[in-house]
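For reference, final03.pdb (PDB, C-alpha atoms):
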ATOM      1  CA  MET A   1      52.384 -28.959  20.167
ATOM      2  CA  SER A   2      53.896 -29.906  23.521
ATOM      3  CA  ALA A   3      56.236 -32.375  21.826
ATOM      4  CA  TYR A   4      57.279 -29.670  19.359
ATOM      5  CA  GLU A   5      57.992 -27.242  22.193
ATOM      6  CA  GLU A   6      60.045 -29.824  24.095
ATOM      7  CA  LEU A   7      62.026 -30.818  21.008
ATOM      8  CA  THR A   8      62.852 -27.262  20.021
ATOM      9  CA  ALA A   9      63.810 -26.427  23.630
ATOM     10  CA  GLU A  10      66.327 -29.289  23.393
ATOM     11  CA  GLY A  11      67.724 -27.881  20.146
ATOM     12  CA  VAL A  12      66.007 -30.362  17.848
ATOM     13  CA  ARG A  13      64.844 -28.795  14.605
ATOM     14  CA  ALA A  14      61.176 -29.702  14.239
ATOM     15  CA  ARG A  15      58.027 -28.471  12.595
ATOM     16  CA  VAL A  16      54.308 -29.108  12.977
ATOM     17  CA  VAL A  17      52.187 -29.643   9.885
ATOM     18  CA  SER A  18      48.408 -29.709  10.165
ATOM     19  CA  MET A  19      46.757 -31.686   7.365
ATOM     20  CA  PRO A  20      42.990 -31.663   7.898
ATOM     21  CA  SER A  21      42.336 -32.774   4.291
ATOM     22  CA  TRP A  22      44.474 -35.125   2.251
ATOM     23  CA  GLU A  23      42.379 -34.323  -0.816
ATOM     24  CA  LEU A  24      43.061 -30.577  -0.617
ATOM     25  CA  PHE A  25      46.748 -31.171   0.059
ATOM     26  CA  GLU A  26      47.049 -33.479  -2.965
ATOM     27  CA  ARG A  27      45.431 -30.832  -5.214
ATOM     28  CA  GLN A  28      48.225 -28.366  -4.432
ATOM     29  CA  PRO A  29      51.144 -27.973  -6.855
ATOM     30  CA  GLU A  30      54.036 -30.351  -6.220
ATOM     31  CA  PRO A  31      56.492 -27.575  -5.287
ATOM     32  CA  TYR A  32      54.108 -26.476  -2.521
ATOM     33  CA  ARG A  33      53.625 -30.046  -1.230
ATOM     34  CA  GLU A  34      57.403 -30.534  -1.209
ATOM     35  CA  SER A  35      57.869 -27.284   0.705
ATOM     36  CA  VAL A  36      55.503 -28.579   3.389
ATOM     37  CA  LEU A  37      56.874 -32.141   3.430
ATOM     38  CA  PRO A  38      60.418 -31.940   2.003
ATOM     39  CA  PRO A  39      61.414 -35.305   0.483
ATOM     40  CA  ALA A  40      64.856 -35.084   2.129
ATOM     41  CA  ILE A  41      63.273 -35.057   5.601
ATOM     42  CA  THR A  42      62.573 -38.685   6.481
ATOM     43  CA  ALA A  43      62.233 -38.426  10.273
ATOM     44  CA  ARG A  44      58.450 -37.980  10.338
ATOM     45  CA  VAL A  45      55.725 -38.763  12.840
ATOM     46  CA  ALA A  46      51.978 -38.508  12.172
ATOM     47  CA  VAL A  47      49.578 -38.359  15.109
ATOM     48  CA  GLU A  48      45.951 -39.176  14.354
ATOM     49  CA  GLN A  49      43.156 -39.454  16.882
ATOM     50  CA  ALA A  50      41.412 -42.034  14.712
ATOM     51  CA  SER A  51      42.631 -44.675  12.286
ATOM     52  CA  THR A  52      46.254 -44.743  11.162
ATOM     53  CA  PHE A  53      45.120 -45.826   7.679
ATOM     54  CA  GLY A  54      46.591 -43.708   4.899
ATOM     55  CA  TRP A  55      49.233 -41.824   6.862
ATOM     56  CA  ALA A  56      52.085 -44.035   5.620
ATOM     57  CA  ALA A  57      51.956 -42.107   2.329
ATOM     58  CA  TYR A  58      52.944 -38.955   4.210
ATOM     59  CA  VAL A  59      55.422 -40.251   6.791
ATOM     60  CA  GLY A  60      57.268 -42.513   4.351
ATOM     61  CA  PRO A  61      58.948 -45.850   5.013
ATOM     62  CA  LEU A  62      61.089 -44.498   7.869
ATOM     63  CA  GLY A  63      58.300 -42.570   9.589
ATOM     64  CA  GLU A  64      55.977 -43.531  12.414
ATOM     65  CA  VAL A  65      52.207 -43.195  12.723
ATOM     66  CA  ILE A  66      50.572 -42.914  16.135
ATOM     67  CA  GLY A  67      46.822 -43.494  16.346
ATOM     68  CA  MET A  68      44.043 -45.988  16.911
ATOM     69  CA  ARG A  69      44.715 -49.453  15.519
ATOM     70  CA  THR A  70      41.729 -51.130  17.161
ATOM     71  CA  PHE A  71      38.146 -50.264  18.056
ATOM     72  CA  GLY A  72      37.631 -48.598  21.397
ATOM     73  CA  ALA A  73      35.515 -49.882  24.262
ATOM     74  CA  SER A  74      32.396 -48.254  22.814
ATOM     75  CA  ALA A  75      32.514 -50.618  19.818
ATOM     76  CA  ARG A  76      32.177 -53.740  21.942
TER
END
Is it possible to give me this structure as structure tokens?
Amino acid sequence: MSAYEELTAEGVRARVVSMPSWELFERQPEPYRESVLPPAITARVAVEQASTFGWAAYVGPLGEVIGMRTFGASAR
């Protein structure tokens, strides 16, 4: 949310989308999904506290996914 606030303060049009369940999102009608993630908007960033697996489907080929790509110290 801080990044959103900074971007909008600088005049950058941005939005925050919370997607706690891919399965529920995918069950929604296509017009709804496209209203949440418009196909014309390709500047996308997903932030995930865990694995980045699967987010590429939502950020697209030009988007970026930020998250864990390795196991943390507790997995050693």
With 4 Å added on each side, what axis-aligned box encloses every listed atom of range 4-15 of chain A? Give the centre and edge lengths in Å to one decimal, as JSON.
{"center_x": 62.5, "center_y": -28.6, "center_z": 18.3, "size_x": 18.4, "size_y": 12.4, "size_z": 19.5}
Long-range neighbours of Ser2 in chain A as a list in words, 12 Å cut-off, all atoms listed in the file, 4 positions minimum in chain: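 Final neighbour list, sorted by chain and number: Glu6, Leu7, Thr8, Ala9, Ala14, Arg15 and Val16 of chain A.
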Residues within 8 Å of range 35-41 of chain A, please, as a CSV table (one decimal) with C-alpha atoms, in the coordinates of the input. Count all atoms listed in the file; anything in the same chain fewer than 3 positions from it doesn't count.
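Saved file selection11.csv follows:
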chain,number,residue,atom,x,y,z
A,17,VAL,CA,52.2,-29.6,9.9
A,31,PRO,CA,56.5,-27.6,-5.3
A,32,TYR,CA,54.1,-26.5,-2.5
A,44,ARG,CA,58.4,-38.0,10.3
A,58,TYR,CA,52.9,-39.0,4.2
Calculated over all atoms listed in the file, which of the candidates A:Arg13, A:Ser18, A:Glu48, A:Ala43 has the smallest distance to Gly60 in chain A?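 Under the stated criterion, the closest residue is A:Ala43.
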So which residues get picked by the PyMOL selection byres ((chain A and resi 50-55) around 9) here, written as a compact mmCIF listing (two decimals) with C-alpha atoms, in the frame of the given file?
# COMPACT_ATOMS: atom_id res chain seq x y z
CA ALA A 46 51.98 -38.51 12.17
CA VAL A 47 49.58 -38.36 15.11
CA GLU A 48 45.95 -39.18 14.35
CA GLN A 49 43.16 -39.45 16.88
CA ALA A 56 52.08 -44.04 5.62
CA ALA A 57 51.96 -42.11 2.33
CA TYR A 58 52.94 -38.96 4.21
CA VAL A 59 55.42 -40.25 6.79
CA GLY A 60 57.27 -42.51 4.35
CA GLU A 64 55.98 -43.53 12.41
CA VAL A 65 52.21 -43.20 12.72
CA ILE A 66 50.57 -42.91 16.14
CA GLY A 67 46.82 -43.49 16.35
CA MET A 68 44.04 -45.99 16.91
CA ARG A 69 44.72 -49.45 15.52
CA THR A 70 41.73 -51.13 17.16
Between CA of Val12 in chain A and CA of Leu62 in chain A - distance in Å to one decimal: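 One can read the CA of Leu62 in chain A to CA of Val12 in chain A distance as 18.0 Å.
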What is the CA of Met19 in chain A to CA of Arg33 in chain A distance in Å?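 Value for the CA of Met19 in chain A-CA of Arg33 in chain A distance: 11.1 Å.
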By how many Å are CA of Phe71 in chain A and CA of Glu23 in chain A apart?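 Value for the CA of Phe71 in chain A-CA of Glu23 in chain A distance: 25.1 Å.
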All heavy atoms are needed for range 44-55 of chain A; please write them out as a JSON list (two decimals), in the coordinates of the input.
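Result file follows (part-v2.json):
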[["chain", "number", "residue", "atom", "x", "y", "z"],
["A", 44, "ARG", "N", 59.81, -38.52, 10.27],
["A", 44, "ARG", "CA", 58.45, -37.98, 10.34],
["A", 44, "ARG", "C", 57.59, -38.80, 11.28],
["A", 44, "ARG", "O", 57.71, -40.02, 11.35],
["A", 44, "ARG", "CB", 57.81, -38.00, 8.96],
["A", 44, "ARG", "CG", 58.53, -37.15, 7.94],
["A", 44, "ARG", "CD", 57.83, -37.22, 6.62],
["A", 44, "ARG", "NE", 58.53, -36.40, 5.63],
["A", 44, "ARG", "CZ", 58.13, -36.28, 4.39],
["A", 44, "ARG", "NH1", 57.05, -36.91, 3.98],
["A", 44, "ARG", "NH2", 58.81, -35.52, 3.56],
["A", 45, "VAL", "N", 56.69, -38.11, 11.95],
["A", 45, "VAL", "CA", 55.72, -38.76, 12.84],
["A", 45, "VAL", "C", 54.36, -38.14, 12.57],
["A", 45, "VAL", "O", 54.22, -36.92, 12.57],
["A", 45, "VAL", "CB", 56.08, -38.57, 14.34],
["A", 45, "VAL", "CG1", 55.02, -39.20, 15.23],
["A", 45, "VAL", "CG2", 57.45, -39.13, 14.64],
["A", 46, "ALA", "N", 53.36, -38.97, 12.32],
["A", 46, "ALA", "CA", 51.98, -38.51, 12.17],
["A", 46, "ALA", "C", 51.20, -38.94, 13.41],
["A", 46, "ALA", "O", 51.34, -40.08, 13.86],
["A", 46, "ALA", "CB", 51.34, -39.09, 10.92],
["A", 47, "VAL", "N", 50.42, -38.05, 13.95],
["A", 47, "VAL", "CA", 49.58, -38.36, 15.11],
["A", 47, "VAL", "C", 48.14, -38.16, 14.69],
["A", 47, "VAL", "O", 47.76, -37.07, 14.25],
["A", 47, "VAL", "CB", 49.92, -37.45, 16.31],
["A", 47, "VAL", "CG1", 49.03, -37.79, 17.49],
["A", 47, "VAL", "CG2", 51.38, -37.59, 16.68],
["A", 48, "GLU", "N", 47.35, -39.20, 14.79],
["A", 48, "GLU", "CA", 45.95, -39.18, 14.35],
["A", 48, "GLU", "C", 45.07, -39.71, 15.47],
["A", 48, "GLU", "O", 45.36, -40.76, 16.03],
["A", 48, "GLU", "CB", 45.80, -40.05, 13.10],
["A", 48, "GLU", "CG", 44.40, -40.27, 12.64],
["A", 48, "GLU", "CD", 43.69, -38.99, 12.23],
["A", 48, "GLU", "OE1", 44.17, -38.30, 11.33],
["A", 48, "GLU", "OE2", 42.65, -38.69, 12.84],
["A", 49, "GLN", "N", 44.03, -39.00, 15.80],
["A", 49, "GLN", "CA", 43.16, -39.45, 16.88],
["A", 49, "GLN", "C", 42.32, -40.65, 16.48],
["A", 49, "GLN", "O", 41.78, -41.34, 17.32],
["A", 49, "GLN", "CB", 42.25, -38.33, 17.36],
["A", 49, "GLN", "CG", 41.08, -38.04, 16.46],
["A", 49, "GLN", "CD", 40.16, -37.00, 17.06],
["A", 49, "GLN", "OE1", 40.55, -36.19, 17.87],
["A", 49, "GLN", "NE2", 38.92, -37.05, 16.67],
["A", 50, "ALA", "N", 42.21, -40.91, 15.19],
["A", 50, "ALA", "CA", 41.41, -42.03, 14.71],
["A", 50, "ALA", "C", 42.33, -43.07, 14.07],
["A", 50, "ALA", "O", 43.43, -43.31, 14.54],
["A", 50, "ALA", "CB", 40.35, -41.53, 13.75],
["A", 51, "SER", "N", 41.89, -43.63, 12.98],
["A", 51, "SER", "CA", 42.63, -44.68, 12.29],
["A", 51, "SER", "C", 43.96, -44.18, 11.73],
["A", 51, "SER", "O", 44.08, -43.05, 11.27],
["A", 51, "SER", "CB", 41.78, -45.22, 11.14],
["A", 51, "SER", "OG", 42.52, -46.10, 10.33],
["A", 52, "THR", "N", 44.94, -45.06, 11.73],
["A", 52, "THR", "CA", 46.25, -44.74, 11.16],
["A", 52, "THR", "C", 46.28, -44.96, 9.65],
["A", 52, "THR", "O", 47.26, -44.61, 9.00],
["A", 52, "THR", "CB", 47.34, -45.61, 11.81],
["A", 52, "THR", "OG1", 47.04, -47.00, 11.58],
["A", 52, "THR", "CG2", 47.43, -45.34, 13.30],
["A", 53, "PHE", "N", 45.20, -45.51, 9.11],
["A", 53, "PHE", "CA", 45.12, -45.83, 7.68],
["A", 53, "PHE", "C", 45.42, -44.59, 6.82],
["A", 53, "PHE", "O", 44.86, -43.52, 7.04],
["A", 53, "PHE", "CB", 43.73, -46.36, 7.33],
["A", 53, "PHE", "CG", 43.54, -46.64, 5.87],
["A", 53, "PHE", "CD1", 44.07, -47.77, 5.30],
["A", 53, "PHE", "CD2", 42.86, -45.74, 5.07],
["A", 53, "PHE", "CE1", 43.93, -48.02, 3.95],
["A", 53, "PHE", "CE2", 42.70, -45.98, 3.72],
["A", 53, "PHE", "CZ", 43.23, -47.12, 3.16],
["A", 54, "GLY", "N", 46.30, -44.75, 5.86],
["A", 54, "GLY", "CA", 46.59, -43.71, 4.90],
["A", 54, "GLY", "C", 47.77, -42.80, 5.22],
["A", 54, "GLY", "O", 48.32, -42.16, 4.33],
["A", 55, "TRP", "N", 48.16, -42.75, 6.48],
["A", 55, "TRP", "CA", 49.23, -41.82, 6.86],
["A", 55, "TRP", "C", 50.61, -42.28, 6.39],
["A", 55, "TRP", "O", 51.52, -41.47, 6.28],
["A", 55, "TRP", "CB", 49.22, -41.59, 8.37],
["A", 55, "TRP", "CG", 48.13, -40.65, 8.75],
["A", 55, "TRP", "CD1", 46.97, -40.97, 9.40],
["A", 55, "TRP", "CD2", 48.08, -39.25, 8.50],
["A", 55, "TRP", "NE1", 46.20, -39.85, 9.56],
["A", 55, "TRP", "CE2", 46.86, -38.77, 9.01],
["A", 55, "TRP", "CE3", 48.93, -38.35, 7.89],
["A", 55, "TRP", "CZ2", 46.49, -37.44, 8.92],
["A", 55, "TRP", "CZ3", 48.56, -37.02, 7.80],
["A", 55, "TRP", "CH2", 47.35, -36.58, 8.31]]
